[in-house]
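Shown below: final_11.cif, with mmCIF, C-alpha atoms.
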data_query
loop_
_atom_site.label_atom_id
_atom_site.label_comp_id
_atom_site.auth_asym_id
_atom_site.auth_seq_id
_atom_site.Cartn_x
_atom_site.Cartn_y
_atom_site.Cartn_z
CA MET T 1 32.85 28.93 22.01
CA ILE T 2 33.58 27.21 25.32
CA LYS T 3 33.59 23.44 25.60
CA PHE T 4 33.94 21.55 28.86
CA ASN T 5 34.27 18.08 30.30
CA LEU T 6 33.57 17.30 33.93
CA ILE T 7 36.18 15.35 35.84
CA LEU T 8 35.65 14.47 39.50
CA VAL T 9 38.77 14.91 41.62
CA GLY T 10 39.61 14.17 45.23
CA PHE T 11 42.23 16.16 47.06
CA LEU T 12 43.22 13.74 49.82
CA ALA T 13 45.85 16.13 51.13
CA PHE T 14 43.28 18.76 52.03
CA ILE T 15 40.47 17.23 54.08
CA SER T 16 37.42 19.47 54.31
CA ILE T 17 35.49 18.97 57.52
CA ASN T 18 32.17 19.90 55.95
CA ASP T 19 32.33 17.57 52.96
CA LEU T 20 30.72 14.53 54.56
CA SER T 21 28.58 13.42 51.66
CA ALA T 22 31.18 11.16 50.00
CA GLN T 23 29.83 8.10 48.20
CA GLN T 24 30.12 4.71 49.88
CA ARG T 25 32.57 2.30 48.27
CA LYS T 26 31.98 -1.42 48.14
CA ASP T 27 34.70 -2.00 50.75
CA ASN T 28 32.95 0.47 53.12
CA ALA T 29 35.65 3.07 52.59
CA LYS T 30 34.61 6.60 51.73
CA THR T 31 36.08 9.05 49.26
CA ILE T 32 36.47 12.74 49.85
CA GLU T 33 35.54 14.97 46.94
CA ILE T 34 35.95 18.71 47.26
CA GLY T 35 35.13 19.66 43.70
CA LYS T 36 35.61 19.03 40.02
CA ILE T 37 37.95 20.04 37.22
CA ILE T 38 36.49 21.25 33.95
CA THR T 39 38.42 21.89 30.76
CA ILE T 40 37.46 24.92 28.74
CA LYS T 41 38.69 25.95 25.32
CA SER T 42 39.58 29.63 25.26
CA ASP T 43 39.45 31.53 21.99
CA VAL T 44 41.11 34.51 23.67
CA LEU T 45 44.10 32.57 25.00
CA LYS T 46 44.04 30.12 22.06
CA GLU T 47 44.46 27.13 24.37
CA GLU T 48 42.60 24.83 26.72
CA ARG T 49 42.55 25.72 30.40
CA GLN T 50 41.72 23.65 33.45
CA ILE T 51 39.28 25.27 35.87
CA TYR T 52 38.75 23.88 39.39
CA ILE T 53 35.29 24.35 40.91
CA SER T 54 33.96 23.70 44.41
CA VAL T 55 30.39 24.43 45.48
CA PRO T 56 29.21 24.70 49.11
CA PRO T 57 27.28 21.97 50.93
CA GLY T 58 23.59 21.96 50.05
CA TYR T 59 24.29 23.60 46.69
CA ASP T 60 21.63 21.56 44.89
CA THR T 61 18.87 22.93 47.12
CA ILE T 62 20.11 26.53 47.18
CA THR T 63 17.82 28.88 45.26
CA ALA T 64 19.76 32.11 45.77
CA LYS T 65 22.68 33.19 43.61
CA LEU T 66 26.06 32.92 45.32
CA PRO T 67 29.23 35.05 45.25
CA VAL T 68 32.27 33.58 43.50
CA ILE T 69 35.87 33.52 44.73
CA TYR T 70 38.43 33.16 41.95
CA VAL T 71 41.79 31.67 42.96
CA LEU T 72 44.88 31.92 40.75
CA ASP T 73 47.52 29.16 40.59
CA ALA T 74 44.82 26.57 41.21
CA GLU T 75 47.11 23.61 40.61
CA TYR T 76 48.75 24.13 44.00
CA ARG T 77 46.62 26.70 45.84
CA PHE T 78 43.05 25.51 45.26
CA GLY T 79 43.15 22.78 47.93
CA ILE T 80 44.45 25.24 50.53
CA ALA T 81 41.85 27.84 49.58
CA GLN T 82 39.00 25.32 49.67
CA SER T 83 39.97 24.06 53.13
CA ILE T 84 40.16 27.60 54.55
CA GLN T 85 36.86 28.57 52.94
CA SER T 86 35.15 25.42 54.25
CA TYR T 87 36.40 26.06 57.77
CA PHE T 88 35.24 29.67 57.66
CA ASN T 89 31.76 28.52 56.67
CA LEU T 90 31.58 27.02 60.16
CA THR T 91 33.45 29.57 62.25
CA THR T 92 32.75 33.04 60.80
CA ARG T 93 30.06 35.06 59.09
CA ILE T 94 31.60 34.58 55.65
CA PRO T 95 28.75 33.62 53.30
CA ARG T 96 28.57 30.48 51.25
CA ALA T 97 30.32 30.97 47.93
CA ILE T 98 31.42 29.12 44.83
CA LEU T 99 35.18 28.65 44.64
CA VAL T 100 36.77 28.74 41.18
CA GLY T 101 40.44 28.02 40.60
CA ILE T 102 42.34 28.85 37.42
CA ALA T 103 45.26 26.52 36.70
CA ASN T 104 48.35 27.34 34.66
CA PRO T 105 49.30 25.04 31.76
CA THR T 106 53.01 25.91 32.14
CA LYS T 107 55.37 28.09 34.15
CA GLU T 108 55.79 30.27 31.07
CA SER T 109 52.03 30.78 30.67
CA ARG T 110 51.82 31.80 34.33
CA GLN T 111 54.31 34.60 33.74
CA ARG T 112 52.63 35.57 30.48
CA ASP T 113 49.13 35.74 31.98
CA TYR T 114 49.75 37.30 35.38
CA LEU T 115 52.36 39.93 34.55
CA PRO T 116 51.40 43.28 32.97
CA ALA T 117 53.19 44.64 29.91
CA SER T 118 55.48 46.70 32.15
CA TYR T 119 56.80 43.38 33.50
CA GLY T 120 57.02 41.79 30.04
CA GLY T 121 53.73 39.89 30.31
CA GLU T 122 50.29 39.92 28.70
CA ALA T 123 47.98 40.45 31.66
CA GLN T 124 45.61 42.45 29.47
CA THR T 125 44.89 39.32 27.41
CA PHE T 126 44.32 37.18 30.50
CA SER T 127 41.99 39.87 31.83
CA LYS T 128 40.03 39.66 28.57
CA PHE T 129 39.81 35.88 28.98
CA LEU T 130 38.23 36.44 32.39
CA SER T 131 35.77 39.12 31.31
CA ALA T 132 34.76 37.65 27.94
CA GLU T 133 34.87 33.92 28.64
CA LEU T 134 35.39 32.56 32.13
CA LEU T 135 33.21 34.87 34.23
CA PRO T 136 30.22 34.67 31.86
CA PHE T 137 30.63 30.89 31.68
CA ILE T 138 30.54 30.52 35.48
CA GLU T 139 27.57 32.86 35.81
CA LYS T 140 25.66 31.02 33.08
CA ASN T 141 26.30 27.47 34.29
CA TYR T 142 26.35 27.89 38.08
CA LYS T 143 24.20 29.64 40.68
CA ALA T 144 26.52 32.61 40.65
CA ASN T 145 25.80 36.29 41.07
CA GLN T 146 28.13 39.11 40.03
CA LYS T 147 29.73 39.55 43.44
CA ARG T 148 33.20 38.36 42.51
CA TYR T 149 36.44 38.12 44.46
CA VAL T 150 39.95 37.28 43.28
CA ALA T 151 42.98 36.00 45.21
CA GLY T 152 46.57 35.67 44.07
CA HIS T 153 50.06 35.24 45.50
CA SER T 154 53.41 36.43 44.11
CA HIS T 155 52.88 36.75 40.32
CA GLY T 156 49.20 36.10 40.99
CA GLY T 157 49.25 38.96 43.49
CA ILE T 158 50.66 41.24 40.82
CA PHE T 159 47.72 40.37 38.58
CA VAL T 160 45.25 41.04 41.40
CA VAL T 161 46.62 44.58 41.84
CA TYR T 162 46.73 45.03 38.05
CA ALA T 163 43.06 44.03 37.84
CA LEU T 164 42.09 46.51 40.55
CA LEU T 165 43.88 49.35 38.76
CA ASN T 166 42.86 48.50 35.20
CA THR T 167 39.57 46.59 35.29
CA PRO T 168 37.96 47.36 38.66
CA SER T 169 34.51 46.44 37.36
CA LEU T 170 35.44 42.73 37.23
CA PHE T 171 35.72 42.11 40.97
CA GLU T 172 34.44 43.46 44.25
CA GLY T 173 37.20 42.15 46.49
CA TYR T 174 40.93 41.70 45.86
CA ILE T 175 43.42 39.59 47.86
CA ALA T 176 47.07 40.11 46.86
CA THR T 177 49.68 38.31 48.95
CA ASP T 178 53.35 39.28 48.62
CA PRO T 179 53.42 40.67 45.08
CA SER T 180 56.45 42.43 43.59
CA LEU T 181 55.12 45.91 42.83
CA LYS T 182 58.15 47.60 41.25
CA HIS T 183 56.50 48.31 37.89
CA ILE T 184 52.82 48.28 38.83
CA TYR T 185 52.46 51.99 39.47
CA ASP T 186 54.45 55.23 39.30
CA LYS T 187 53.85 58.90 39.97
CA SER T 188 52.66 59.56 36.41
CA ASP T 189 49.80 57.07 36.71
CA THR T 190 46.26 58.27 37.40
CA LEU T 191 44.65 54.85 37.82
CA LEU T 192 44.36 55.24 41.58
CA ASN T 193 42.43 58.48 41.14
CA ARG T 194 39.38 56.73 39.65
CA ASN T 195 36.35 55.91 41.79
CA LEU T 196 37.00 52.66 43.67
CA ASP T 197 34.18 53.02 46.15
CA ASN T 198 32.71 49.66 47.21
CA LYS T 199 35.97 47.88 46.31
CA ARG T 200 38.01 46.13 49.01
CA LEU T 201 41.71 45.32 48.76
CA TYR T 202 43.73 43.15 51.12
CA LEU T 203 47.44 43.60 50.40
CA ALA T 204 50.12 41.75 52.35
CA SER T 205 53.90 41.61 52.32
CA SER T 206 56.10 38.91 53.85
CA ASP T 207 59.62 38.51 55.20
CA VAL T 208 60.45 37.21 51.68
CA ALA T 209 63.66 35.44 52.78
CA TYR T 210 63.71 31.81 51.59
CA GLY T 211 64.72 31.43 47.95
CA PHE T 212 65.53 35.11 47.41
CA SER T 213 68.76 37.04 47.72
CA GLU T 214 68.95 39.82 50.30
CA ASP T 215 68.97 42.45 47.53
CA VAL T 216 65.83 41.06 45.88
CA ALA T 217 64.06 40.79 49.24
CA ALA T 218 64.99 44.37 50.11
CA ASP T 219 63.75 45.63 46.73
CA MET T 220 60.42 43.81 47.09
CA GLN T 221 59.84 45.29 50.53
CA ALA T 222 60.86 48.79 49.41
CA ASP T 223 58.57 48.67 46.35
CA PHE T 224 55.74 47.40 48.54
CA ALA T 225 56.21 50.38 50.87
CA ILE T 226 56.15 52.82 47.94
CA PHE T 227 52.90 51.42 46.59
CA LYS T 228 51.42 51.43 50.09
CA ASN T 229 52.15 55.17 50.27
CA HIS T 230 50.38 55.68 46.93
CA LEU T 231 47.33 53.93 48.37
CA TYR T 232 47.22 56.14 51.43
CA GLN T 233 47.76 59.31 49.40
CA SER T 234 44.93 58.52 46.98
CA ARG T 235 42.29 57.11 49.34
CA GLU T 236 40.43 60.41 49.72
CA LYS T 237 39.95 60.55 45.94
CA ASN T 238 39.12 56.96 45.14
CA LYS T 239 37.33 55.89 48.36
CA LEU T 240 39.00 52.46 48.18
CA SER T 241 38.69 50.33 51.30
CA PHE T 242 41.94 48.51 51.93
CA LYS T 243 43.95 46.74 54.58
CA ILE T 244 47.74 46.65 54.44
CA ASP T 245 49.26 43.73 56.29
CA HIS T 246 52.62 42.09 56.95
CA ILE T 247 52.90 38.33 57.35
CA PRO T 248 55.95 37.30 59.41
CA ASP T 249 56.76 34.28 57.28
CA ASP T 250 58.71 33.51 54.10
CA HIS T 251 57.40 34.30 50.63
CA GLY T 252 56.05 30.84 49.77
CA ASN T 253 54.26 30.14 53.04
CA SER T 254 52.75 33.62 53.29
CA TYR T 255 49.85 32.53 51.05
CA ILE T 256 48.21 30.48 53.79
CA GLN T 257 47.81 33.41 56.17
CA GLY T 258 47.32 35.85 53.31
CA PHE T 259 44.30 34.03 51.91
CA SER T 260 42.86 33.46 55.39
CA ARG T 261 43.19 37.08 56.49
CA GLY T 262 42.28 38.42 53.07
CA LEU T 263 39.11 36.38 52.75
CA ARG T 264 37.85 37.72 56.05
CA TYR T 265 38.69 41.28 55.08
CA VAL T 266 37.10 41.34 51.62
CA PHE T 267 33.93 39.83 53.06
CA ASN T 268 34.01 42.56 55.70
CA TRP T 269 34.34 40.24 58.70
CA ARG T 270 36.15 42.15 61.42
CA PHE T 271 38.80 39.98 63.02
CA GLU T 272 41.32 42.50 64.32
#
Output the structure of this file as structure tokens.
Amino acid sequence: MIKFNLILVGFLAFISINDLSAQQRKDNAKTIEIGKIITIKSDVLKEERQIYISVPPGYDTITAKLPVIYVLDAEYRFGIAQSIQSYFNLTTRIPRAILVGIANPTKESRQRDYLPASYGGEAQTFSKFLSAELLPFIEKNYKANQKRYVAGHSHGGIFVVYALLNTPSLFEGYIATDPSLKHIYDKSDTLLNRNLDNKRLYLASSDVAYGFSEDVAADMQADFAIFKNHLYQSREKNKLSFKIDHIPDDHGNSYIQGFSRGLRYVFNWRFE
């Protein structure tokens, strides 16, 4: 059973140029509201989770079902994602979509949810939460179709690749920015041999640098290169459409360009 409470929130740090319908205050000032936060009670995760939701302008009059973009680490990435998406609604052919952010209750739950068992996490349980609870909830309560996209960075990027390999039916497009891929795949795996036709993956590395030792940075880049080779070697079998990218920035800041480039790629907007 999922319960929810609606809470209006304004992200003043991320001003969306297309959100001009803010309510008038008595002092003639205007507020900027880019979405809402709902709280759902998950039986799978056995905890409450905060979900951030933003709908496009004119949502109330839209009769068609819309695609949904799911953003991990919503507590500090949702505002960035919403601003980029809003801007693209004006400047590219990316369609209107519902943006859904999934927040982490704690640092520990982030590691638990996003990391697969090979990393010491429980990504399979988080994946069940998505398939059994969150996705059906969004598609029941919002004008959402089953064209779904997911974006993650770092640990979130690991989960995005995990989801592609293990539950490819959940999403159509995958954006993974600067994940550590050491344990995600090895030569004994056959997951990349399955049919991934009509799936699109944007996968980006970074210069890593800030906050990481040289050895850790070198390992991340080497593991990224190994997985990239697996993708190229298996593409004739699985028919996966993918773009491999490198963002010349540090690990933390790579998300901004990664989400921007990735969103355009998974929606098949050619920008090269």
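Of the residues listed (T:Ala103, T:Gln111, T:Val68, T:Ala117), T:Val68 shows the shortest atom-to-atom separation from Pro136 of chain T; distances use only C-alpha atoms.
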Within 6 Å of file point (57.1, 48.7, 35.7), counting all atoms listed in the file, expressed as a PDB file with C-alpha atoms, in the coordinates of the input:
ATOM      1  CA  SER T 118      55.480  46.700  32.150  1.00  0.00           C
ATOM      2  CA  TYR T 119      56.800  43.380  33.500  1.00  0.00           C
ATOM      3  CA  LYS T 182      58.150  47.600  41.250  1.00  0.00           C
ATOM      4  CA  HIS T 183      56.500  48.310  37.890  1.00  0.00           C
ATOM      5  CA  ILE T 184      52.820  48.280  38.830  1.00  0.00           C
TER       6      ILE T 184
END
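Applied to this file, the PyMOL selection byres ((chain T and resi 169) around 12) selects Ser127, Leu130, Ser131, Gln146, Lys147, Arg148, Tyr149, Ala163, Leu164, Leu165, Asn166, Thr167, Pro168, Leu170, Phe171, Glu172, Gly173, Tyr174, Arg194, Asn195, Leu196, Asp197, Asn198 and Lys199 of chain T.
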Could you please give me, as a ChimeraX atom specification, the residues of protein, DNA or RNA lying at most 10 Å from (48.5, 31.6, 53.9) in the coordinate frame of the file, considering all atoms listed in the file?
-> /T:77,80-81,84,153,177,247,249,251-262
Name the residues in contact with Asp186 of chain T at a cut-off of 9 Å, using all atoms listed in the file, excluding same-chain residues fewer than 4 positions from it; report them as an mmCIF file with C-alpha atoms, in the frame of the given file.
data_model
loop_
_atom_site.group_PDB
_atom_site.id
_atom_site.type_symbol
_atom_site.label_atom_id
_atom_site.label_comp_id
_atom_site.auth_asym_id
_atom_site.auth_seq_id
_atom_site.Cartn_x
_atom_site.Cartn_y
_atom_site.Cartn_z
ATOM 1 C CA LYS T 182 58.150 47.600 41.250
ATOM 2 C CA THR T 190 46.260 58.270 37.400
ATOM 3 C CA PHE T 227 52.900 51.420 46.590
ATOM 4 C CA HIS T 230 50.380 55.680 46.930
#
Name the residues that the PyMOL selection byres ((chain T and resi 231) around 10) picks from the file above, as a compact mmCIF listing (two decimals) with C-alpha atoms, in the coordinates of the input, using the file's chain letters and numbers.
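This is the output file result.txt:
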# COMPACT_ATOMS: atom_id res chain seq x y z
CA LEU T 192 44.36 55.24 41.58
CA ASN T 193 42.43 58.48 41.14
CA ALA T 225 56.21 50.38 50.87
CA ILE T 226 56.15 52.82 47.94
CA PHE T 227 52.90 51.42 46.59
CA LYS T 228 51.42 51.43 50.09
CA ASN T 229 52.15 55.17 50.27
CA HIS T 230 50.38 55.68 46.93
CA TYR T 232 47.22 56.14 51.43
CA GLN T 233 47.76 59.31 49.40
CA SER T 234 44.93 58.52 46.98
CA ARG T 235 42.29 57.11 49.34
CA GLU T 236 40.43 60.41 49.72
CA ASN T 238 39.12 56.96 45.14
CA LEU T 240 39.00 52.46 48.18
CA SER T 241 38.69 50.33 51.30
CA PHE T 242 41.94 48.51 51.93
CA ILE T 244 47.74 46.65 54.44
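What separates atom CA of Tyr185 of chain T from atom CA of Gly121 of chain T is a distance of 15.2 Å.
Picture a line from atom CA of Glu133 of chain T to atom CA of Ser42 of chain T; it runs 7.2 Å.
Minimum atom-to-atom distances from T:Ala204, T:Ile40, T:Ala29, T:Leu45 to Glu122 of chain T were compared using only C-alpha atoms, and the lowest value belongs to T:Leu45.
Computed from the coordinates, the atom CA of Ala144 of chain T to atom CA of Lys128 of chain T distance equals 19.4 Å.
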